[in-house]
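Asks: Please find structure_14.cif (mmCIF, C-alpha atoms) on the next line:
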```
data_coords
#
loop_
_atom_site.label_atom_id
_atom_site.label_comp_id
_atom_site.auth_asym_id
_atom_site.auth_seq_id
_atom_site.Cartn_x
_atom_site.Cartn_y
_atom_site.Cartn_z
CA MET S 1 -28.40 32.49 8.48
CA ARG S 2 -24.98 33.77 7.59
CA ARG S 3 -23.46 30.41 8.30
CA LEU S 4 -26.01 28.81 6.01
CA LEU S 5 -25.15 31.28 3.28
CA VAL S 6 -21.45 30.46 3.61
CA LEU S 7 -22.25 26.77 3.48
CA MET S 8 -24.32 27.27 0.35
CA LEU S 9 -21.52 29.26 -1.25
CA LEU S 10 -19.21 26.32 -0.58
CA VAL S 11 -21.29 24.30 -3.02
CA LEU S 12 -20.25 26.71 -5.75
CA ALA S 13 -16.58 26.65 -4.80
CA SER S 14 -14.47 24.94 -7.42
CA PRO S 15 -12.99 21.80 -5.90
CA LEU S 16 -9.22 21.65 -5.65
CA ALA S 17 -7.90 19.34 -8.30
CA ALA S 18 -7.11 16.18 -6.36
CA GLN S 19 -5.79 14.55 -9.49
CA ASP S 20 -2.62 15.24 -11.36
CA LEU S 21 -2.64 16.96 -14.74
CA LEU S 22 0.24 15.09 -16.32
CA PRO S 23 -0.56 12.88 -19.32
CA PRO S 24 -0.51 9.14 -18.57
CA ALA S 25 2.83 7.34 -18.73
CA PRO S 26 3.83 6.16 -22.23
CA TYR S 27 2.79 2.53 -21.76
CA ALA S 28 -0.07 3.06 -19.32
CA TYR S 29 -2.70 2.71 -22.04
CA ARG S 30 -0.57 1.58 -24.96
CA GLN S 31 0.03 -2.07 -25.69
CA LEU S 32 3.44 -3.41 -26.55
CA ASP S 33 4.01 -3.89 -30.27
CA ASP S 34 4.99 -7.53 -29.87
CA PRO S 35 1.75 -9.49 -29.15
CA ALA S 36 3.61 -12.24 -27.29
CA GLN S 37 5.24 -9.70 -24.96
CA GLU S 38 1.94 -7.87 -24.49
CA ALA S 39 0.23 -11.16 -23.56
CA LYS S 40 2.91 -11.78 -20.93
CA ALA S 41 2.56 -8.25 -19.58
CA GLN S 42 -1.24 -8.50 -19.51
CA ALA S 43 -1.15 -11.81 -17.63
CA LEU S 44 1.17 -10.28 -15.05
CA MET S 45 -0.80 -7.03 -14.70
CA GLU S 46 -4.00 -8.95 -14.02
CA THR S 47 -2.39 -10.54 -10.96
CA LEU S 48 -0.86 -7.39 -9.46
CA ARG S 49 -2.86 -5.36 -6.98
CA CYS S 50 -3.45 -1.68 -7.51
CA LEU S 51 -2.14 0.02 -4.37
CA LYS S 52 -4.54 2.94 -4.65
CA CYS S 53 -7.73 1.00 -5.33
CA GLN S 54 -7.04 -2.14 -3.44
CA SER S 55 -9.67 -4.50 -4.82
CA GLN S 56 -8.62 -3.99 -8.41
CA SER S 57 -5.72 -5.28 -10.40
CA ILE S 58 -3.50 -2.74 -12.11
CA ALA S 59 -4.92 -3.98 -15.42
CA ASP S 60 -8.39 -2.98 -14.21
CA SER S 61 -7.65 0.37 -12.64
CA ASP S 62 -7.59 3.86 -14.08
CA ALA S 63 -5.76 5.31 -11.08
CA PRO S 64 -2.67 7.24 -12.27
CA MET S 65 -0.46 5.08 -10.07
CA ALA S 66 -1.85 1.91 -11.66
CA GLY S 67 -1.05 3.46 -15.05
CA ASP S 68 2.50 4.09 -13.90
CA MET S 69 2.76 0.50 -12.70
CA ARG S 70 1.50 -0.80 -16.08
CA ASN S 71 4.04 1.44 -17.77
CA GLN S 72 6.78 -0.06 -15.67
CA VAL S 73 5.62 -3.65 -16.21
CA ARG S 74 5.38 -3.21 -20.00
CA GLN S 75 8.74 -1.46 -20.29
CA ARG S 76 10.46 -4.16 -18.25
CA ILE S 77 8.86 -6.97 -20.24
CA ALA S 78 9.93 -5.18 -23.43
CA ALA S 79 13.46 -5.00 -22.03
CA GLY S 80 13.41 -8.77 -21.67
CA GLU S 81 12.75 -9.11 -17.94
CA LYS S 82 10.86 -12.22 -16.78
CA PRO S 83 7.34 -11.59 -15.38
CA GLU S 84 8.14 -13.46 -12.16
CA ALA S 85 11.22 -11.28 -11.64
CA ILE S 86 9.04 -8.17 -11.88
CA ARG S 87 6.58 -9.68 -9.41
CA ALA S 88 9.42 -10.48 -7.04
CA TRP S 89 10.72 -6.90 -7.40
CA LEU S 90 7.33 -5.54 -6.35
CA ILE S 91 6.93 -8.02 -3.47
CA GLU S 92 10.33 -6.91 -2.20
CA ARG S 93 8.91 -3.40 -1.93
CA TYR S 94 5.27 -3.87 -0.99
CA GLY S 95 5.10 -7.34 0.52
CA ASP S 96 2.85 -10.21 -0.60
CA TYR S 97 -0.09 -7.81 -0.57
CA VAL S 98 0.82 -6.50 -4.01
CA THR S 99 0.30 -9.85 -5.73
CA TYR S 100 -2.93 -11.78 -6.15
CA THR S 101 -1.15 -15.09 -6.64
CA PRO S 102 -1.23 -17.00 -3.35
CA ARG S 103 2.11 -17.69 -1.69
CA VAL S 104 2.90 -20.34 0.86
CA ARG S 105 3.98 -18.59 4.04
CA ALA S 106 3.72 -19.43 7.73
CA LEU S 107 0.49 -17.43 7.81
CA THR S 108 -1.08 -19.02 4.72
CA ALA S 109 0.21 -22.58 5.22
CA PRO S 110 -2.98 -23.73 7.04
CA LEU S 111 -5.00 -22.79 3.95
CA PHE S 112 -2.88 -25.05 1.80
CA ALA S 113 -2.81 -27.82 4.41
CA ALA S 114 -6.56 -27.80 5.11
CA PRO S 115 -7.69 -29.72 1.97
CA LEU S 116 -5.12 -32.45 2.64
CA VAL S 117 -6.26 -32.72 6.26
CA PHE S 118 -9.90 -32.96 5.16
CA VAL S 119 -9.16 -35.73 2.65
CA LEU S 120 -7.21 -37.61 5.29
CA VAL S 121 -10.00 -37.33 7.87
CA ALA S 122 -12.57 -38.40 5.27
CA ALA S 123 -10.47 -41.44 4.35
CA LEU S 124 -10.17 -42.47 8.00
CA LEU S 125 -13.91 -42.04 8.59
CA LEU S 126 -14.78 -44.05 5.50
CA ARG S 127 -12.41 -46.83 6.49
CA ARG S 128 -13.99 -47.12 9.90
CA ARG S 129 -17.46 -47.16 8.41
CA PHE S 130 -16.69 -49.84 5.80
CA ARG S 131 -15.07 -52.00 8.45
CA LYS S 132 -18.18 -51.74 10.62
CA THR S 133 -20.54 -52.78 7.84
CA ARG S 134 -18.30 -55.68 6.90
CA SER S 135 -18.12 -56.89 10.50
CA ALA S 136 -21.88 -56.43 10.84
CA LYS S 137 -22.43 -58.65 7.77
CA ALA S 138 -20.09 -61.29 8.97
CA MET E 1 -45.02 -42.49 26.48
CA SER E 2 -42.65 -43.70 29.16
CA GLN E 3 -41.41 -41.29 31.79
CA GLU E 4 -37.83 -41.87 30.78
CA ALA E 5 -38.36 -40.63 27.20
CA ALA E 6 -40.21 -37.54 28.39
CA SER E 7 -37.41 -36.51 30.72
CA GLN E 8 -34.93 -36.97 27.88
CA ARG E 9 -36.89 -34.59 25.73
CA LYS E 10 -36.89 -31.98 28.50
CA ARG E 11 -33.07 -31.93 28.59
CA PRO E 12 -31.94 -31.40 25.02
CA GLY E 13 -28.41 -30.59 26.17
CA VAL E 14 -25.90 -27.98 25.14
CA TRP E 15 -26.45 -28.55 21.42
CA LEU E 16 -29.56 -26.43 21.55
CA TRP E 17 -27.39 -23.40 22.30
CA LEU E 18 -25.02 -23.98 19.43
CA PRO E 19 -26.90 -21.93 16.78
CA LEU E 20 -27.23 -19.01 19.19
CA ALA E 21 -23.54 -19.22 20.09
CA LEU E 22 -22.61 -19.31 16.40
CA PHE E 23 -24.79 -16.30 15.74
CA ALA E 24 -23.26 -14.42 18.69
CA GLY E 25 -19.78 -15.20 17.39
CA PHE E 26 -20.71 -14.02 13.91
CA PHE E 27 -22.27 -10.85 15.33
CA VAL E 28 -19.13 -10.03 17.31
CA LEU E 29 -16.98 -10.63 14.21
CA VAL E 30 -19.12 -8.27 12.11
CA MET E 31 -19.15 -5.57 14.78
CA VAL E 32 -15.37 -5.72 15.22
CA GLY E 33 -14.97 -5.38 11.46
CA LEU E 34 -17.39 -2.45 11.40
CA LEU E 35 -16.07 -0.53 14.39
CA ARG E 36 -12.37 -1.22 13.93
CA PRO E 37 -11.79 -1.68 10.22
CA ALA E 38 -8.49 -3.22 9.22
CA ASP E 39 -5.58 -1.03 8.32
CA ARG E 40 -5.70 -0.37 4.58
CA GLU E 41 -2.29 1.26 4.35
CA VAL E 42 0.37 -0.60 2.43
CA ALA E 43 3.59 -0.27 4.39
CA SER E 44 6.85 -0.37 2.54
CA ALA E 45 8.76 -3.62 2.85
CA PHE E 46 11.90 -1.71 1.89
CA ILE E 47 12.81 -0.40 5.35
CA GLY E 48 16.43 -1.17 6.20
CA LYS E 49 17.46 -1.28 2.56
CA PRO E 50 19.52 1.29 0.67
CA LEU E 51 17.77 3.72 -1.64
CA PRO E 52 17.68 2.33 -5.16
CA PRO E 53 19.72 4.25 -7.73
CA PHE E 54 17.85 7.16 -9.29
CA ASP E 55 18.59 10.56 -10.75
CA LEU E 56 15.59 12.88 -10.94
CA ARG E 57 15.53 16.17 -12.79
CA ALA E 58 14.71 19.31 -10.80
CA ALA E 59 10.97 19.80 -10.33
CA VAL E 60 11.42 23.58 -10.06
CA PRO E 61 14.31 25.80 -11.20
CA GLU E 62 14.69 27.20 -7.65
CA ARG E 63 15.93 23.89 -6.26
CA PRO E 64 18.28 21.20 -7.60
CA GLY E 65 17.05 17.75 -8.56
CA LEU E 66 17.62 14.60 -6.57
CA LYS E 67 20.17 11.79 -6.95
CA THR E 68 20.75 8.71 -4.82
CA ALA E 69 24.45 9.54 -4.39
CA GLU E 70 23.59 12.75 -2.54
CA PHE E 71 22.04 10.81 0.34
CA ALA E 72 25.33 9.20 1.32
CA ASP E 73 26.83 12.39 2.77
CA GLY E 74 26.69 11.19 6.36
CA LYS E 75 23.73 13.31 7.38
CA PRO E 76 20.33 11.73 8.09
CA ARG E 77 17.40 13.46 6.44
CA LEU E 78 13.75 13.24 5.52
CA LEU E 79 12.58 12.28 2.06
CA ASN E 80 9.09 13.63 1.52
CA VAL E 81 7.00 12.15 -1.29
CA PHE E 82 4.41 14.78 -2.22
CA ALA E 83 2.43 16.34 -5.05
CA SER E 84 0.82 19.70 -5.66
CA TRP E 85 -2.49 17.96 -6.44
CA CYS E 86 -2.53 16.18 -3.08
CA ILE E 87 -4.56 17.93 -0.41
CA PRO E 88 -3.07 16.24 2.71
CA CYS E 89 0.33 17.38 1.37
CA ALA E 90 -0.77 20.97 1.87
CA ALA E 91 -2.07 20.04 5.34
CA GLU E 92 1.34 18.74 6.44
CA ALA E 93 3.23 21.80 5.14
CA PRO E 94 3.34 23.62 8.53
CA GLN E 95 4.80 20.50 10.16
CA LEU E 96 7.46 20.19 7.47
CA ALA E 97 8.26 23.88 7.93
CA ALA E 98 8.62 23.32 11.69
CA LEU E 99 10.97 20.39 11.10
CA ALA E 100 13.04 22.41 8.63
CA GLN E 101 13.26 25.22 11.17
CA GLN E 102 14.70 22.77 13.69
CA GLY E 103 17.51 22.08 11.26
CA VAL E 104 16.17 18.91 9.67
CA GLU E 105 17.18 18.58 6.06
CA ILE E 106 14.21 17.67 3.88
CA ASP E 107 14.35 16.51 0.28
CA GLY E 108 11.23 16.18 -1.81
CA ILE E 109 10.00 14.03 -4.65
CA ALA E 110 7.11 15.55 -6.60
CA ILE E 111 4.93 12.81 -8.06
CA ARG E 112 3.35 13.34 -11.49
CA ASP E 113 3.58 17.10 -11.27
CA ARG E 114 4.03 20.07 -13.60
CA GLN E 115 6.62 22.71 -12.84
CA GLU E 116 4.10 25.57 -12.62
CA ASP E 117 1.89 23.54 -10.27
CA VAL E 118 4.78 22.73 -7.93
CA GLN E 119 5.82 26.39 -7.96
CA ARG E 120 2.30 27.48 -7.07
CA PHE E 121 2.10 24.83 -4.34
CA LEU E 122 5.41 25.99 -2.80
CA ALA E 123 4.41 29.64 -3.03
CA THR E 124 1.20 28.91 -1.10
CA ASN E 125 2.48 26.39 1.42
CA GLY E 126 6.14 27.33 1.83
CA ASN E 127 9.22 25.51 0.64
CA PRO E 128 11.01 23.42 3.29
CA PHE E 129 12.91 21.40 0.68
CA ALA E 130 16.63 21.45 -0.01
CA ARG E 131 16.18 19.51 -3.25
CA ILE E 132 13.12 18.50 -5.22
CA GLY E 133 13.17 15.76 -7.81
CA ALA E 134 10.38 15.29 -10.34
CA ASP E 135 9.04 11.74 -10.64
CA ASP E 136 6.77 11.89 -13.69
CA VAL E 137 5.88 8.20 -13.94
CA SER E 138 6.09 7.31 -10.21
CA ALA E 139 9.19 5.24 -10.98
CA VAL E 140 11.15 6.21 -7.86
CA GLN E 141 7.98 6.03 -5.78
CA LEU E 142 7.53 2.40 -6.82
CA ALA E 143 11.22 1.68 -6.37
CA ILE E 144 11.15 2.72 -2.69
CA GLY E 145 7.87 0.98 -1.87
CA SER E 146 5.76 4.09 -1.41
CA SER E 147 2.09 3.58 -2.20
CA GLY E 148 0.72 7.10 -2.10
CA VAL E 149 1.18 10.75 -1.26
CA PRO E 150 2.14 12.11 1.15
CA GLU E 151 4.68 9.76 2.60
CA THR E 152 7.85 10.66 4.47
CA PHE E 153 10.92 8.46 4.75
CA VAL E 154 13.78 8.79 7.21
CA ILE E 155 17.05 8.17 5.35
CA ASP E 156 20.27 7.72 7.28
CA GLY E 157 23.66 9.18 6.38
CA LYS E 158 24.53 6.18 4.23
CA GLY E 159 21.41 6.43 2.12
CA VAL E 160 19.56 3.57 3.85
CA ILE E 161 15.79 3.85 4.41
CA ARG E 162 15.18 3.72 8.15
CA HIS E 163 11.54 4.62 8.66
CA GLN E 164 8.37 5.30 6.70
CA HIS E 165 5.60 7.64 7.76
CA ILE E 166 2.41 7.07 5.76
CA GLY E 167 -0.02 9.97 5.34
CA ASP E 168 0.30 13.59 6.34
CA ILE E 169 2.57 14.53 9.23
CA ARG E 170 0.50 15.85 12.11
CA VAL E 171 1.84 17.91 14.99
CA GLU E 172 1.87 14.83 17.22
CA ASP E 173 4.00 12.91 14.70
CA ILE E 174 6.94 15.32 14.89
CA PRO E 175 8.59 13.88 18.04
CA LYS E 176 8.59 10.37 16.57
CA LEU E 177 10.15 11.58 13.32
CA LEU E 178 12.82 13.49 15.25
CA GLU E 179 13.52 10.38 17.30
CA LYS E 180 13.85 8.24 14.16
CA LEU E 181 16.21 10.86 12.72
CA ARG E 182 18.30 10.72 15.88
CA GLU E 183 18.42 6.92 15.67
CA ALA E 184 19.41 7.15 12.01
CA GLY E 185 22.18 9.57 12.98
CA GLY E 186 23.59 6.94 15.32
CA ARG E 187 23.78 9.34 18.24
#
```
Step by step, read the file and then write its structure as structure tokens.

Replies:
Amino acid sequence: MRRLLVLMLLVLASPLAAQDLLPPAPYAYRQLDDPAQEAKAQALMETLRCLKCQSQSIADSDAPMAGDMRNQVRQRIAAGEKPEAIRAWLIERYGDYVTYTPRVRALTAPLFAAPLVFVLVAALLLRRRFRKTRSAKA
Amino acid sequence: MSQEAASQRKRPGVWLWLPLALFAGFFVLVMVGLLRPADREVASAFIGKPLPPFDLRAAVPERPGLKTAEFADGKPRLLNVFASWCIPCAAEAPQLAALAQQGVEIDGIAIRDRQEDVQRFLATNGNPFARIGADDVSAVQLAIGSSGVPETFVIDGKGVIRHQHIGDIRVEDIPKLLEKLREAGGR
């Protein structure tokens, strides 16, 4: 009974704040003034993975860390850095996992090779088949 | 119907088992995924590289801030990425205290934190840190390839990242951290 009471009291306990109280970073929710730069930043942010919420891009996520990543991307674009340089900077730190753009690596090479192999096999099969019908006609 | 055709129909061959085999394979795949889900931690790819240059202001007045240059003093140490709003960070506090008591130097980076919150956190959980830098926009966190709190890095005496521990330090993790520190010390 007492245990139950304690458990019920736990419902009333105020949860510890598991979220920070700092305001978002300057460019987390603010677009760059230059529309061309903002477009570049947006395109990049849509292809970078949020590390906290791993099925979202940082453009999609409201996690504070995603906001901090957007802030960093926008500030670097504003400073004149190339989007692919920023992507490379992040890959250097987090590996390919951080980017949604596929890369050719030893592990992913079969994925890129598969369509070519299929086309090749199909071409061979078709050739054999056409030859057969021609010889059958003859 | 001839006898030959009837006997052929009785022995349909191995192909009959193919759908069942495919299903069994699929079932095993699903169960493996369910019972042993893949690791969702994002490990830093920055191990073996020197700390990037940074200069963080002090998170609390009781301790100095944190600069990259200070790591190149020849002594290996732990760099603990934490936050007052992070619950596992409070859970690992006794382990950090134990490490500090054994003479390990620990520096901290407080992620997105207010001074009063860090002070309250240290008052409740103890303060094992020699220095605490405040990282308000997770800039240093991103620069060292850390993807969450808490994380603990082993930094050698030249300021090179040697090891990353993701998540809270449990009692059983202490020997490994001490070993990595020894390796980083070159002894």

Asks: When you count only C-alpha atoms, which of these residues is closest to chain E: S:Thr108, S:Asn71, S:Gln56, S:Thr99?

Replies: S:Asn71

Asks: Within 9 Å of chain E, which residues of chain S show up when using all atoms listed in the file, listed as a VMD selection string?

Replies: chain S and resid 16 to 26 51 to 52 54 64 to 65 67 to 69 71 to 72 89 to 95 97 to 98

Asks: Please enumerate the residues selected by the PyMOL selection byres ((chain E and resi 155) around 8) when evaluated against the supplied file, formatted as a PyMOL selection string.

Replies: chain E and resi 71+76-79+153-154+156-163+181+184

Asks: Hey, can you spit out that residue selection with C-alpha atoms as a compact mmCIF listing (two decimals), in the coordinates of the input?

Replies:
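Heads up, here's the output in selection.txt:
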```txt
# COMPACT_ATOMS: atom_id res chain seq x y z
CA PHE E 71 22.04 10.81 0.34
CA PRO E 76 20.33 11.73 8.09
CA ARG E 77 17.40 13.46 6.44
CA LEU E 78 13.75 13.24 5.52
CA LEU E 79 12.58 12.28 2.06
CA PHE E 153 10.92 8.46 4.75
CA VAL E 154 13.78 8.79 7.21
CA ASP E 156 20.27 7.72 7.28
CA GLY E 157 23.66 9.18 6.38
CA LYS E 158 24.53 6.18 4.23
CA GLY E 159 21.41 6.43 2.12
CA VAL E 160 19.56 3.57 3.85
CA ILE E 161 15.79 3.85 4.41
CA ARG E 162 15.18 3.72 8.15
CA HIS E 163 11.54 4.62 8.66
CA LEU E 181 16.21 10.86 12.72
CA ALA E 184 19.41 7.15 12.01
```

Asks: List the neighbours of stretch 119-128 of chain E out to 7 Å using all atoms listed in the file; skip same-chain residues closer than 2 positions along the sequence, and give me the result as an mmCIF file with C-alpha atoms, in the frame of the given file.

Replies:
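And here is the file that came out, part20.cif:
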```cif
data_model
loop_
_atom_site.group_PDB
_atom_site.id
_atom_site.type_symbol
_atom_site.label_atom_id
_atom_site.label_comp_id
_atom_site.auth_asym_id
_atom_site.auth_seq_id
_atom_site.Cartn_x
_atom_site.Cartn_y
_atom_site.Cartn_z
ATOM 1 C CA VAL E 60 11.420 23.580 -10.060
ATOM 2 C CA SER E 84 0.820 19.700 -5.660
ATOM 3 C CA ALA E 90 -0.770 20.970 1.870
ATOM 4 C CA ALA E 93 3.230 21.800 5.140
ATOM 5 C CA LEU E 96 7.460 20.190 7.470
ATOM 6 C CA ALA E 97 8.260 23.880 7.930
ATOM 7 C CA ALA E 100 13.040 22.410 8.630
ATOM 8 C CA ILE E 106 14.210 17.670 3.880
ATOM 9 C CA GLN E 115 6.620 22.710 -12.840
ATOM 10 C CA GLU E 116 4.100 25.570 -12.620
ATOM 11 C CA ASP E 117 1.890 23.540 -10.270
ATOM 12 C CA ALA E 130 16.630 21.450 -0.010
#
```

Asks: Evaluate the PyMOL selection byres ((chain S and resi 29-41) around 7) on the structure here and hand back the selected residues as number ranges by chain.

Replies: S: 26-28, 42-45, 73-74, 77-78

Asks: Would you mind exporting C-alpha atoms of the selected residues as a CSV table (one decimal), in the frame of the given file?

Replies:
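The result, stored in out-v8.csv:
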```
chain,number,residue,atom,x,y,z
S,26,PRO,CA,3.8,6.2,-22.2
S,27,TYR,CA,2.8,2.5,-21.8
S,28,ALA,CA,-0.1,3.1,-19.3
S,42,GLN,CA,-1.2,-8.5,-19.5
S,43,ALA,CA,-1.2,-11.8,-17.6
S,44,LEU,CA,1.2,-10.3,-15.0
S,45,MET,CA,-0.8,-7.0,-14.7
S,73,VAL,CA,5.6,-3.6,-16.2
S,74,ARG,CA,5.4,-3.2,-20.0
S,77,ILE,CA,8.9,-7.0,-20.2
S,78,ALA,CA,9.9,-5.2,-23.4
```

Asks: Nearest to E:Glu70 among E:Pro37, E:Val118, E:Arg131, E:Ala91, with distances taken over only C-alpha atoms: which residue is it?

Replies: E:Arg131

Asks: Work out how far apart atom CA of E:Leu66 and atom CA of E:Leu51 are and give it in Å to one decimal.

Replies: 11.9 Å

Asks: Using the chain letters and numbers from this file, what does the PyMOL selection byres ((chain E and resi 178) around 10) select? Give the answer as a PyMOL selection string.

Replies: chain E and resi 77-78+99+102+104+154+173-177+179-184

Asks: Figure out the distance between atom CA of E:Pro150 and atom CA of E:Pro64, please, to one decimal in Å.

Replies: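 Answer for the atom CA of E:Pro64 to atom CA of E:Pro150 separation: 20.5 Å.
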
Asks: What separation in Å, quoted to one decimal, exists between atom CA of E:Glu151 and atom CA of E:Cys89?

Replies: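 Interatomic distance here is 8.9 Å.
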
Asks: Using all atoms listed in the file, determine which residues lie at most 8 Å from E:Asp55, disregarding the query and same-chain residues fewer than 3 positions distant; provide the list as a short mmCIF file (atom, residue, chain, number, x, y, z; two decimals) with C-alpha atoms, in the coordinates of the input.

Replies:
```
data_model
loop_
_atom_site.label_atom_id
_atom_site.label_comp_id
_atom_site.auth_asym_id
_atom_site.auth_seq_id
_atom_site.Cartn_x
_atom_site.Cartn_y
_atom_site.Cartn_z
CA GLY E 65 17.05 17.75 -8.56
CA LEU E 66 17.62 14.60 -6.57
CA LYS E 67 20.17 11.79 -6.95
CA THR E 68 20.75 8.71 -4.82
#
```

Asks: Writing N, CA and C atoms and nothing else, produce stretch 105-130 of chain E as a compact mmCIF listing (two decimals), in the first residue's frame.

Replies:
```txt
# COMPACT_ATOMS: atom_id res chain seq x y z
N GLU E 105 43.29 13.96 -14.18
CA GLU E 105 42.84 15.33 -14.40
C GLU E 105 41.67 15.32 -15.37
N ILE E 106 40.59 15.98 -14.99
CA ILE E 106 39.38 15.99 -15.82
C ILE E 106 39.00 17.43 -16.15
N ASP E 107 38.87 17.70 -17.43
CA ASP E 107 38.34 18.99 -17.87
C ASP E 107 36.94 18.78 -18.40
N GLY E 108 36.11 19.80 -18.26
CA GLY E 108 34.73 19.66 -18.71
C GLY E 108 34.36 20.68 -19.76
N ILE E 109 33.41 20.28 -20.59
CA ILE E 109 32.77 21.24 -21.51
C ILE E 109 31.27 21.16 -21.23
N ALA E 110 30.70 22.28 -20.81
CA ALA E 110 29.26 22.32 -20.53
C ALA E 110 28.53 22.77 -21.78
N ILE E 111 27.64 21.91 -22.27
CA ILE E 111 26.95 22.17 -23.53
C ILE E 111 25.65 22.93 -23.27
N ARG E 112 25.46 24.04 -23.95
CA ARG E 112 24.22 24.81 -23.90
C ARG E 112 23.71 24.96 -22.47
N ASP E 113 24.52 25.57 -21.63
CA ASP E 113 24.18 25.61 -20.22
C ASP E 113 24.29 27.02 -19.65
N ARG E 114 23.46 27.31 -18.63
CA ARG E 114 23.53 28.60 -17.96
C ARG E 114 24.40 28.45 -16.72
N GLN E 115 25.06 29.54 -16.36
CA GLN E 115 25.98 29.50 -15.22
C GLN E 115 25.30 28.97 -13.96
N GLU E 116 24.10 29.50 -13.64
CA GLU E 116 23.46 29.09 -12.39
C GLU E 116 23.09 27.61 -12.42
N ASP E 117 22.76 27.10 -13.63
CA ASP E 117 22.41 25.68 -13.72
C ASP E 117 23.63 24.79 -13.52
N VAL E 118 24.76 25.19 -14.11
CA VAL E 118 25.99 24.42 -13.92
C VAL E 118 26.39 24.44 -12.45
N GLN E 119 26.27 25.62 -11.82
CA GLN E 119 26.63 25.72 -10.40
C GLN E 119 25.77 24.79 -9.55
N ARG E 120 24.47 24.77 -9.85
CA ARG E 120 23.57 23.90 -9.09
C ARG E 120 23.92 22.43 -9.33
N PHE E 121 24.21 22.11 -10.59
CA PHE E 121 24.58 20.73 -10.94
C PHE E 121 25.84 20.29 -10.18
N LEU E 122 26.85 21.18 -10.12
CA LEU E 122 28.10 20.83 -9.45
C LEU E 122 27.90 20.74 -7.94
N ALA E 123 27.03 21.61 -7.41
CA ALA E 123 26.77 21.57 -5.97
C ALA E 123 26.10 20.24 -5.59
N THR E 124 25.22 19.74 -6.45
CA THR E 124 24.52 18.49 -6.15
C THR E 124 25.40 17.27 -6.41
N ASN E 125 26.15 17.29 -7.52
CA ASN E 125 26.82 16.07 -7.94
C ASN E 125 28.33 16.08 -7.71
N GLY E 126 28.86 17.18 -7.16
CA GLY E 126 30.29 17.26 -6.96
C GLY E 126 30.97 17.84 -8.19
N ASN E 127 32.19 18.34 -7.97
CA ASN E 127 32.90 19.00 -9.05
C ASN E 127 34.28 18.38 -9.25
N PRO E 128 34.39 17.42 -10.17
CA PRO E 128 35.69 16.76 -10.39
C PRO E 128 36.55 17.50 -11.41
N PHE E 129 36.07 18.66 -11.89
CA PHE E 129 36.71 19.30 -13.03
C PHE E 129 37.81 20.29 -12.61
N ALA E 130 38.90 20.28 -13.39
CA ALA E 130 39.94 21.29 -13.20
C ALA E 130 39.56 22.57 -13.92
```
